[in-house]
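The structure file protein-v5.json is reproduced below (JSON, C-alpha atoms).
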[["chain", "number", "residue", "atom", "x", "y", "z"],
["A", 1, "MET", "CA", -15.85, -10.14, -40.35],
["A", 2, "THR", "CA", -19.29, -9.68, -38.88],
["A", 3, "THR", "CA", -19.60, -5.94, -39.47],
["A", 4, "GLN", "CA", -19.81, -4.35, -42.91],
["A", 5, "LEU", "CA", -17.66, -1.24, -42.98],
["A", 6, "ALA", "CA", -17.66, 1.56, -45.52],
["A", 7, "ALA", "CA", -15.27, 4.43, -46.12],
["A", 8, "GLY", "CA", -16.02, 7.30, -43.79],
["A", 9, "ASP", "CA", -17.55, 5.16, -41.02],
["A", 10, "THR", "CA", -16.63, 6.34, -37.54],
["A", 11, "LEU", "CA", -15.50, 3.75, -34.98],
["A", 12, "GLY", "CA", -15.41, 4.40, -31.25],
["A", 13, "PRO", "CA", -14.09, 6.33, -29.52],
["A", 14, "THR", "CA", -13.30, 3.68, -26.96],
["A", 15, "THR", "CA", -11.72, 4.63, -23.63],
["A", 16, "PHE", "CA", -9.36, 2.39, -21.65],
["A", 17, "THR", "CA", -8.04, 3.10, -18.16],
["A", 18, "VAL", "CA", -4.41, 2.07, -17.69],
["A", 19, "THR", "CA", -3.12, 1.46, -14.15],
["A", 20, "ARG", "CA", 0.29, 0.55, -12.74],
["A", 21, "ALA", "CA", -1.15, -2.91, -11.98],
["A", 22, "ASP", "CA", -2.03, -3.29, -15.68],
["A", 23, "LEU", "CA", 1.58, -2.54, -16.58],
["A", 24, "VAL", "CA", 2.89, -5.15, -14.13],
["A", 25, "ALA", "CA", 0.49, -7.73, -15.57],
["A", 26, "TYR", "CA", 1.52, -6.78, -19.10],
["A", 27, "ALA", "CA", 5.22, -7.00, -18.20],
["A", 28, "ASP", "CA", 4.68, -10.54, -16.89],
["A", 29, "ALA", "CA", 2.64, -11.66, -19.91],
["A", 30, "SER", "CA", 4.89, -10.08, -22.53],
["A", 31, "GLY", "CA", 8.30, -10.54, -20.93],
["A", 32, "ASP", "CA", 9.07, -6.82, -21.19],
["A", 33, "GLN", "CA", 10.34, -6.09, -17.68],
["A", 34, "ASN", "CA", 11.91, -2.74, -18.54],
["A", 35, "PRO", "CA", 11.78, -0.94, -15.16],
["A", 36, "ILE", "CA", 10.76, 2.39, -16.77],
["A", 37, "HIS", "CA", 7.27, 0.84, -16.90],
["A", 38, "GLN", "CA", 7.19, 0.03, -13.19],
["A", 39, "ASP", "CA", 9.75, 2.07, -11.24],
["A", 40, "GLU", "CA", 9.35, 5.83, -10.86],
["A", 41, "ASP", "CA", 13.01, 6.40, -9.90],
["A", 42, "VAL", "CA", 14.41, 4.50, -12.89],
["A", 43, "ALA", "CA", 11.98, 6.25, -15.25],
["A", 44, "ARG", "CA", 13.04, 9.69, -13.98],
["A", 45, "SER", "CA", 16.73, 8.74, -14.09],
["A", 46, "VAL", "CA", 16.51, 8.38, -17.88],
["A", 47, "GLY", "CA", 14.65, 11.66, -18.34],
["A", 48, "LEU", "CA", 11.06, 10.41, -18.41],
["A", 49, "PRO", "CA", 8.32, 12.31, -16.53],
["A", 50, "GLY", "CA", 7.40, 9.20, -14.50],
["A", 51, "VAL", "CA", 6.35, 5.60, -15.04],
["A", 52, "ILE", "CA", 5.16, 5.25, -18.63],
["A", 53, "ALA", "CA", 3.05, 2.56, -20.25],
["A", 54, "HIS", "CA", 4.80, 0.14, -22.58],
["A", 55, "GLY", "CA", 4.28, 1.50, -26.09],
["A", 56, "MET", "CA", 3.25, -2.03, -26.93],
["A", 57, "TYR", "CA", 0.57, -1.92, -24.24],
["A", 58, "THR", "CA", -0.94, 1.16, -25.87],
["A", 59, "LEU", "CA", -0.68, -0.52, -29.28],
["A", 60, "ALA", "CA", -2.33, -3.63, -27.80],
["A", 61, "LEU", "CA", -5.24, -1.41, -26.70],
["A", 62, "VAL", "CA", -5.50, -0.25, -30.30],
["A", 63, "GLY", "CA", -5.61, -3.90, -31.39],
["A", 64, "ARG", "CA", -8.30, -4.53, -28.79],
["A", 65, "ALA", "CA", -10.40, -1.59, -29.99],
["A", 66, "VAL", "CA", -10.05, -2.74, -33.60],
["A", 67, "ALA", "CA", -11.10, -6.28, -32.62],
["A", 68, "GLU", "CA", -14.14, -4.92, -30.78],
["A", 69, "TRP", "CA", -15.15, -2.63, -33.65],
["A", 70, "THR", "CA", -14.71, -5.21, -36.41],
["A", 71, "GLY", "CA", -15.95, -8.34, -34.65],
["A", 72, "GLY", "CA", -12.48, -9.84, -34.58],
["A", 73, "ALA", "CA", -11.44, -9.25, -38.19],
["A", 74, "GLU", "CA", -8.03, -10.64, -39.22],
["A", 75, "VAL", "CA", -5.38, -7.97, -38.78],
["A", 76, "VAL", "CA", -2.99, -7.60, -41.71],
["A", 77, "ASP", "CA", -1.03, -4.51, -40.61],
["A", 78, "LEU", "CA", -0.80, -2.78, -37.24],
["A", 79, "GLY", "CA", 1.63, -0.14, -36.09],
["A", 80, "ALA", "CA", 2.40, 3.32, -34.78],
["A", 81, "LYS", "CA", 5.09, 5.68, -33.63],
["A", 82, "PHE", "CA", 5.21, 6.15, -29.88],
["A", 83, "THR", "CA", 5.45, 9.92, -30.07],
["A", 84, "SER", "CA", 4.37, 10.93, -26.58],
["A", 85, "PRO", "CA", 4.55, 8.79, -23.44],
["A", 86, "VAL", "CA", 1.44, 7.62, -21.59],
["A", 87, "VAL", "CA", 2.37, 8.60, -18.03],
["A", 88, "VAL", "CA", 0.65, 6.31, -15.54],
["A", 89, "PRO", "CA", 0.20, 7.69, -12.01],
["A", 90, "ALA", "CA", 0.79, 5.56, -8.90],
["A", 91, "GLU", "CA", -2.85, 6.04, -7.87],
["A", 92, "GLY", "CA", -5.78, 5.84, -10.26],
["A", 93, "GLY", "CA", -4.92, 5.51, -13.91],
["A", 94, "ALA", "CA", -4.33, 7.14, -17.26],
["A", 95, "GLU", "CA", -7.19, 7.23, -19.76],
["A", 96, "VAL", "CA", -6.30, 6.23, -23.30],
["A", 97, "VAL", "CA", -8.90, 7.07, -25.92],
["A", 98, "VAL", "CA", -8.87, 5.22, -29.24],
["A", 99, "GLY", "CA", -10.98, 6.51, -32.11],
["A", 100, "GLY", "CA", -11.06, 5.38, -35.71],
["A", 101, "THR", "CA", -12.37, 6.19, -39.14],
["A", 102, "VAL", "CA", -12.59, 3.84, -42.09],
["A", 103, "LYS", "CA", -10.18, 5.36, -44.57],
["A", 104, "SER", "CA", -10.73, 2.93, -47.42],
["A", 105, "VAL", "CA", -12.20, -0.42, -48.34],
["A", 106, "ALA", "CA", -10.45, -1.95, -51.32],
["A", 107, "ASP", "CA", -9.19, -5.31, -52.54],
["A", 108, "GLY", "CA", -10.73, -7.06, -49.55],
["A", 109, "LEU", "CA", -8.87, -4.88, -47.08],
["A", 110, "VAL", "CA", -10.20, -2.23, -44.71],
["A", 111, "THR", "CA", -7.74, 0.51, -43.80],
["A", 112, "LEU", "CA", -8.45, 2.40, -40.59],
["A", 113, "ALA", "CA", -7.18, 5.86, -39.71],
["A", 114, "LEU", "CA", -6.81, 6.11, -35.96],
["A", 115, "GLU", "CA", -6.40, 8.75, -33.31],
["A", 116, "VAL", "CA", -5.07, 7.72, -29.93],
["A", 117, "THR", "CA", -4.95, 10.29, -27.14],
["A", 118, "CYS", "CA", -4.26, 10.55, -23.42],
["A", 119, "GLY", "CA", -5.31, 13.68, -21.56],
["A", 120, "GLY", "CA", -6.27, 15.27, -24.87],
["A", 121, "GLN", "CA", -2.79, 14.81, -26.34],
["A", 122, "LYS", "CA", -1.98, 12.45, -29.21],
["A", 123, "VAL", "CA", 0.27, 9.66, -27.95],
["A", 124, "LEU", "CA", 0.67, 7.69, -31.19],
["A", 125, "GLY", "CA", 2.04, 9.03, -34.44],
["A", 126, "MET", "CA", 0.66, 7.70, -37.71],
["A", 127, "PRO", "CA", -1.24, 4.85, -36.05],
["A", 128, "LYS", "CA", -2.54, 2.48, -38.69],
["A", 129, "ALA", "CA", -4.48, -0.74, -38.83],
["A", 130, "VAL", "CA", -5.48, -2.78, -41.86],
["A", 131, "VAL", "CA", -7.93, -5.67, -41.48],
["A", 132, "ARG", "CA", -9.36, -8.19, -43.90],
["A", 133, "ALA", "CA", -12.89, -7.28, -44.94],
["B", 1, "MET", "CA", 28.40, 5.81, -25.06],
["B", 2, "PRO", "CA", 27.04, 5.74, -28.61],
["B", 3, "VAL", "CA", 26.13, 2.46, -30.24],
["B", 4, "ASP", "CA", 28.71, 0.96, -32.60],
["B", 5, "PRO", "CA", 27.88, 2.10, -36.17],
["B", 6, "SER", "CA", 29.17, -1.18, -37.66],
["B", 7, "LEU", "CA", 26.05, -2.84, -36.22],
["B", 8, "VAL", "CA", 23.98, -2.00, -39.28],
["B", 9, "GLY", "CA", 23.27, -5.20, -41.20],
["B", 10, "ARG", "CA", 24.04, -7.53, -38.32],
["B", 11, "GLU", "CA", 21.56, -10.22, -37.31],
["B", 12, "PHE", "CA", 20.58, -11.34, -33.83],
["B", 13, "PRO", "CA", 18.43, -14.45, -33.47],
["B", 14, "ALA", "CA", 16.21, -14.98, -30.45],
["B", 15, "PRO", "CA", 17.93, -17.61, -28.27],
["B", 16, "ALA", "CA", 15.13, -20.17, -28.56],
["B", 17, "PRO", "CA", 11.96, -20.75, -30.57],
["B", 18, "LEU", "CA", 8.65, -19.92, -28.94],
["B", 19, "THR", "CA", 5.78, -22.37, -29.02],
["B", 20, "VAL", "CA", 2.47, -20.56, -29.12],
["B", 21, "THR", "CA", 0.53, -22.36, -26.39],
["B", 22, "SER", "CA", -3.06, -21.73, -25.38],
["B", 23, "ASP", "CA", -1.87, -20.82, -21.87],
["B", 24, "ARG", "CA", 0.54, -18.24, -23.19],
["B", 25, "VAL", "CA", -2.04, -16.73, -25.51],
["B", 26, "ALA", "CA", -4.65, -16.66, -22.73],
["B", 27, "ALA", "CA", -2.23, -14.90, -20.35],
["B", 28, "PHE", "CA", -1.34, -12.30, -22.98],
["B", 29, "ALA", "CA", -4.99, -11.81, -24.01],
["B", 30, "ALA", "CA", -5.98, -11.32, -20.36],
["B", 31, "ALA", "CA", -3.21, -8.76, -19.82],
["B", 32, "VAL", "CA", -4.35, -6.62, -22.76],
["B", 33, "GLY", "CA", -8.09, -7.36, -22.50],
["B", 34, "HIS", "CA", -8.28, -8.93, -25.97],
["B", 35, "PRO", "CA", -11.92, -9.85, -26.62],
["B", 36, "GLY", "CA", -11.60, -12.94, -28.87],
["B", 37, "ASP", "CA", -10.21, -16.47, -28.72],
["B", 38, "ASP", "CA", -7.70, -15.72, -31.48],
["B", 39, "VAL", "CA", -4.08, -14.73, -30.91],
["B", 40, "PRO", "CA", -3.93, -10.98, -30.15],
["B", 41, "PRO", "CA", -2.23, -9.09, -32.98],
["B", 42, "THR", "CA", 0.55, -7.71, -30.79],
["B", 43, "PHE", "CA", 1.45, -11.16, -29.40],
["B", 44, "PRO", "CA", 4.46, -11.43, -31.78],
["B", 45, "ILE", "CA", 6.19, -8.82, -29.60],
["B", 46, "VAL", "CA", 6.87, -11.61, -27.09],
["B", 47, "LEU", "CA", 9.32, -13.24, -29.48],
["B", 48, "ALA", "CA", 10.49, -9.98, -31.08],
["B", 49, "PHE", "CA", 11.37, -8.84, -27.55],
["B", 50, "ASP", "CA", 13.51, -11.97, -27.03],
["B", 51, "ALA", "CA", 15.42, -11.14, -30.22],
["B", 52, "MET", "CA", 15.81, -7.53, -29.07],
["B", 53, "MET", "CA", 17.18, -8.70, -25.72],
["B", 54, "ALA", "CA", 19.68, -10.92, -27.55],
["B", 55, "PHE", "CA", 20.79, -7.81, -29.43],
["B", 56, "LEU", "CA", 20.99, -5.62, -26.31],
["B", 57, "ASP", "CA", 22.86, -8.29, -24.33],
["B", 58, "ALA", "CA", 25.34, -8.85, -27.15],
["B", 59, "GLU", "CA", 26.07, -5.12, -27.33],
["B", 60, "GLY", "CA", 26.02, -4.48, -23.58],
["B", 61, "ILE", "CA", 23.11, -2.04, -23.84],
["B", 62, "ASP", "CA", 20.98, -1.56, -20.72],
["B", 63, "LEU", "CA", 17.27, -2.20, -21.28],
["B", 64, "HIS", "CA", 16.25, 0.70, -19.05],
["B", 65, "ARG", "CA", 18.01, 3.11, -21.43],
["B", 66, "ILE", "CA", 15.80, 1.94, -24.29],
["B", 67, "VAL", "CA", 12.47, 3.53, -25.14],
["B", 68, "HIS", "CA", 10.34, 2.03, -27.90],
["B", 69, "GLY", "CA", 10.01, 4.68, -30.62],
["B", 70, "GLU", "CA", 7.96, 2.88, -33.25],
["B", 71, "GLN", "CA", 6.57, -0.58, -33.94],
["B", 72, "ARG", "CA", 4.83, -1.85, -37.03],
["B", 73, "PHE", "CA", 3.74, -5.42, -37.73],
["B", 74, "ALA", "CA", 2.83, -6.91, -41.09],
["B", 75, "TYR", "CA", 1.17, -10.32, -40.86],
["B", 76, "VAL", "CA", 1.35, -12.94, -43.59],
["B", 77, "ARG", "CA", -1.16, -15.05, -41.71],
["B", 78, "PRO", "CA", -2.69, -14.98, -38.23],
["B", 79, "LEU", "CA", -0.65, -16.73, -35.56],
["B", 80, "ALA", "CA", -2.23, -19.89, -34.21],
["B", 81, "VAL", "CA", -1.87, -22.03, -31.12],
["B", 82, "GLY", "CA", 0.67, -24.73, -31.94],
["B", 83, "ASP", "CA", 2.93, -22.51, -34.03],
["B", 84, "GLU", "CA", 6.60, -22.85, -33.24],
["B", 85, "LEU", "CA", 8.13, -19.50, -34.07],
["B", 86, "SER", "CA", 11.72, -18.35, -34.45],
["B", 87, "ALA", "CA", 12.75, -14.70, -34.62],
["B", 88, "THR", "CA", 15.75, -12.96, -36.08],
["B", 89, "LEU", "CA", 16.38, -9.26, -35.56],
["B", 90, "THR", "CA", 18.40, -7.30, -38.13],
["B", 91, "VAL", "CA", 19.74, -3.83, -37.36],
["B", 92, "THR", "CA", 18.71, -1.81, -40.42],
["B", 93, "GLY", "CA", 19.73, 1.71, -39.49],
["B", 94, "LEU", "CA", 21.44, 3.85, -36.92],
["B", 95, "ARG", "CA", 21.55, 7.59, -36.38],
["B", 96, "GLN", "CA", 22.16, 9.99, -33.51],
["B", 97, "ILE", "CA", 19.82, 12.77, -32.46],
["B", 98, "GLY", "CA", 20.55, 14.95, -29.43],
["B", 99, "GLY", "CA", 22.65, 12.39, -27.59],
["B", 100, "ALA", "CA", 20.29, 9.52, -28.33],
["B", 101, "ASP", "CA", 20.88, 6.62, -30.70],
["B", 102, "ILE", "CA", 17.94, 5.90, -32.96],
["B", 103, "ILE", "CA", 18.24, 2.19, -33.83],
["B", 104, "ALA", "CA", 16.07, 0.83, -36.63],
["B", 105, "THR", "CA", 15.43, -2.91, -36.60],
["B", 106, "THR", "CA", 13.46, -5.52, -38.50],
["B", 107, "SER", "CA", 12.47, -8.79, -36.87],
["B", 108, "GLU", "CA", 11.23, -11.68, -38.97],
["B", 109, "LEU", "CA", 9.17, -14.36, -37.29],
["B", 110, "ALA", "CA", 9.17, -17.69, -39.08],
["B", 111, "ASP", "CA", 7.22, -20.87, -38.36],
["B", 112, "ALA", "CA", 8.65, -24.39, -38.12],
["B", 113, "THR", "CA", 8.62, -24.73, -41.92],
["B", 114, "GLY", "CA", 10.75, -21.59, -42.24],
["B", 115, "ALA", "CA", 7.91, -19.53, -43.71],
["B", 116, "VAL", "CA", 7.78, -15.95, -42.48],
["B", 117, "VAL", "CA", 4.46, -15.35, -40.71],
["B", 118, "CYS", "CA", 5.04, -11.84, -39.39],
["B", 119, "THR", "CA", 7.54, -9.04, -39.87],
["B", 120, "GLY", "CA", 8.04, -6.44, -37.17],
["B", 121, "LYS", "CA", 9.78, -3.14, -37.77],
["B", 122, "ALA", "CA", 10.85, -1.34, -34.63],
["B", 123, "THR", "CA", 12.70, 1.82, -33.75],
["B", 124, "LEU", "CA", 14.56, 1.75, -30.45],
["B", 125, "VAL", "CA", 15.65, 5.00, -28.83],
["B", 126, "HIS", "CA", 18.76, 4.54, -26.71],
["B", 127, "SER", "CA", 19.59, 7.35, -24.30],
["B", 128, "SER", "CA", 23.23, 6.93, -23.47],
["B", 129, "GLY", "CA", 23.39, 8.69, -20.13],
["B", 130, "ALA", "CA", 24.53, 12.07, -18.88],
["B", 131, "GLU", "CA", 23.55, 14.02, -21.95],
["B", 132, "THR", "CA", 19.95, 12.76, -21.83],
["B", 133, "ALA", "CA", 17.47, 15.58, -21.45],
["B", 134, "GLN", "CA", 13.88, 15.70, -22.52]]

Represent the supplied structure as structure tokens.
Amino acid sequence: MTTQLAAGDTLGPTTFTVTRADLVAYADASGDQNPIHQDEDVARSVGLPGVIAHGMYTLALVGRAVAEWTGGAEVVDLGAKFTSPVVVPAEGGAEVVVGGTVKSVADGLVTLALEVTCGGQKVLGMPKAVVRA
Amino acid sequence: MPVDPSLVGREFPAPAPLTVTSDRVAAFAAAVGHPGDDVPPTFPIVLAFDAMMAFLDAEGIDLHRIVHGEQRFAYVRPLAVGDELSATLTVTGLRQIGGADIIATTSELADATGAVVCTGKATLVHSSGAETAQ
């Protein structure tokens, strides 16, 4: 790891814009072609407010932010609950904001507390990343 | 229709191993904007998703009725180009909330030597149809 981190350090926030085109590209790269991430009618038919980002796309943005903040540190743990959908409009995009704080540095591991929001609302529950120091 | 409760404990392997190629990693990294040359940390979802589809197909569950509720990965080592990975999904829990099935799963990804390199724990929320409302 190129950056020395200490407990209490603030990381970010880093903002990502998510568009429908991003979701199509992610579907192709990941294999997750669930139509709720591309088709408004299907998304609404199962009770969603509209096309939503893959939870794994949002989590990938967290991984990207962590990689940027830590200079590509090895990730040991990464995860979250997808508590609120990231609704992606047909025009423009949704802004996902990822912020972090170094919770602890111990035993060669850096634990990050994260906050991930869209439109001011938390979209991930208990997001967590642990990287090797 | 609710998911069959006897599923808990059953295993569903992905139909084929996945070779981690530089092309595949580059495509995934480009799609998520990953800044480095290493394998992005969420790349294991590619194979975990194959195992999940094997599970959904076996049970006749429609993908569009599934929403991802939670995903956590624990990595034994970073994935590397050249790895040949196999995945097996195990259904670890099942409960119903408000007409939805909450399906807990664990997927183990192993390399060609059989060593586990990554474990993914996922919760899948299955909305079974007419009673869906949120």

For this session: Might you pull out every residue within 10 Å of segment 117-121 of chain A, with only C-alpha atoms counted and same-chain residues fewer than 5 positions away left off, and present them as a ChimeraX atom specification?
Result: /A:15-17,84-87,94-99

Exercise. Any idea which chain B residues end up within 10 Å of chain A if we count all atoms listed in the file, as a count of residues only please?
Worked result: 58

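Here atom CA of Arg44 of chain A is placed at a distance of 16.9 Å from atom CA of Gly99 of chain B.
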
Problem set entry | Distance query Ser104 of chain A at most 8 Å, all atoms listed in the file, self and fewer than 2 positions along chain excluded, as a list of chain:residue names |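 That gives A:Ala6, A:Ala7, A:Gly8, A:Val102, A:Ala106, A:Val110, A:Thr111, A:Leu112.
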
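The shortest atom-to-atom distance to Ser86 of chain B, with all atoms listed in the file taken into account, belongs to B:Gly114 out of B:Gly114, B:Ser22, B:Gly60, B:Thr106.
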
Exercise. With all atoms listed in the file as the atoms that count, which of A:Ala113, A:Leu5, A:Val51, A:Ala133 lies nearest to Gly100 of chain A?
Worked result: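 Ranking A:Ala113, A:Leu5, A:Val51, A:Ala133 by distance to Gly100 of chain A, first place goes to A:Ala113.
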
Problem set entry | Gap from atom CA of Gly108 of chain A to atom CA of Val131 of chain A - Å, one decimal | 8.7 Å

Exercise. So how many Å separate atom CA of Ala51 of chain B and atom CA of Ser107 of chain B, to one decimal?
Worked result: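 According to the coordinates, atom CA of Ala51 of chain B and atom CA of Ser107 of chain B are separated by 7.6 Å.
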